[in-house]
Amino acid sequence: MKAYELLIFDWDGTLMDSIGKIVRCMENTAKAMALPIPSEQAVRDIIGLSMTEALQCLYPAGSVDEYQALREEYKQQFLMLDTTPSPLFSETPALLSQLRSEKYLLAVATGKARTGLERVLRETGLGDFFHASRSADEARSKPHPDMLQQLLAELKIAPERALMVGDSVHDLNMATGAGMDAIGVSYGAHSRERLHEAAPKAIIDSPLGLLHHL
């Protein structure tokens with residue numbers, strides 16, 4: 001029997017090489033709104049959180065109206081103004097194809113909103129690989145386990161039969177809260193050293209590295 005039936009992936013920094021674009025768009029948003037520009041590390045640390053949670057971390061003194069304005073500006077930067085590329089990691093299609101051929105259930109748990117997730121699934125052509133997904137506007141923000149608990153319930157999988165794969169401590173701590181194993185990826189938002197703090201089962205250096213731990 002396989003150790004796991006269900007593999008749940010974070011999106012940004014795990015399947016898609018989008019960390020650089022997120023950092024640049026947040027910097028440009030701060031400039032446009034005449035706010036202090038966050039450091040690259042500060043932005044990396046909030047990737048994976050819902051947008052509201054992320055903005056509250058970066059600008060804790062903000063108001064509801066200010067956060068709404070920031071969200072709108074960031075959306076404009078990401079979709080229209082910034083040209084930083086955000087391709088899939090080169091091994092992502094091969095990994096998902098292999099996992100599908102081995103009959104794993106696959107899902108996504110992301111800090112993106114549903115509209116953003118649907119857009120990238122459509123643009124990348126990866127939508128058909130996944131049996132279920134949850135976005136930041138459909139559950140409590142990472143690292144709360146709500147997102148994973150919803151996916152487990154929908155797919156009728158016990159926590160010990162599921163594995164979370166993500167590039168941030170938010171992903172790994174979310175898995176711990178849901179009673180699941182987790183594997184960190186070293187090529188995304190957080191460093192190998194930071195990921196070790198969340199005690200994942202393993203840390204991989206490329207998408208296909210996951211196959212060695214299944």
# chains A, B, ... in the order shown; residues from 1 in each chain; ligands from 1
>>> residues_around(residues="A:Leu151", least_positions_apart="6", cutoff="12 Å", atoms="only C-alpha atoms", output="ChimeraX atom specification")
/A:6-9,105-110,130-135,138-139,145,157-159,162-164,175,178
>>> residues_around(residues="stretch 76-89 of chain A", least_positions_apart="2", cutoff="10 Å", atoms="only C-alpha atoms", output="ChimeraX atom specification")
/A:11-29,32,70-74,91-93,116,120,124,187,206-207
>>> closest_residue(among="A:Ala189, A:Ile203, A:Leu126, A:Met51", to="A:Arg140", atoms="only C-alpha atoms")
A:Met51
>>> closest_residue(among="A:Tyr104, A:Leu214, A:Pro60, A:Glu123", to="A:Leu155", atoms="only C-alpha atoms")
A:Tyr104
>>> residues_around(residues="A:Pro200", least_positions_apart="2", cutoff="7 Å", atoms="only C-alpha atoms", output="ChimeraX atom specification")
/A:172,182-184,196,198,202-203
>>> select_by_dssp(residues="stretch 1-212 of chain A", states="alpha helix (DSSP H)", output="ChimeraX atom specification")
/A:19-32,40-46,51-58,64-76,92-101,114-124,146-155,169-177,192-196
>>> atom_distance(atom1="atom CA of A:Lys142", atom2="atom CA of A:Asp45")
12.1 Å
>>> atom_distance(atom1="atom CA of A:Ser90", atom2="atom CA of A:Val169")
23.2 Å
>>> select_by_dssp(residues="stretch 53-147 of chain A", states="strand (DSSP E)", output="ChimeraX atom specification")
/A:105-109,132-134
>>> residues_around(residues="A:Ile46", least_positions_apart="3", cutoff="9 Å", atoms="only C-alpha atoms", output="PyMOL selection string")
chain A and resi 41-43+49-51+53-55+57-58+170+189
>>> closest_residue(among="A:Val64, A:Met33, A:Leu211, A:Val165", to="A:Leu195", atoms="only C-alpha atoms")
A:Val165
>>> closest_residue(among="A:His212, A:His144, A:Arg114, A:Arg119", to="A:Leu95", atoms="only C-alpha atoms")
A:His212
>>> atom_distance(atom1="atom CA of A:Glu40", atom2="atom CA of A:Leu117")
23.3 Å
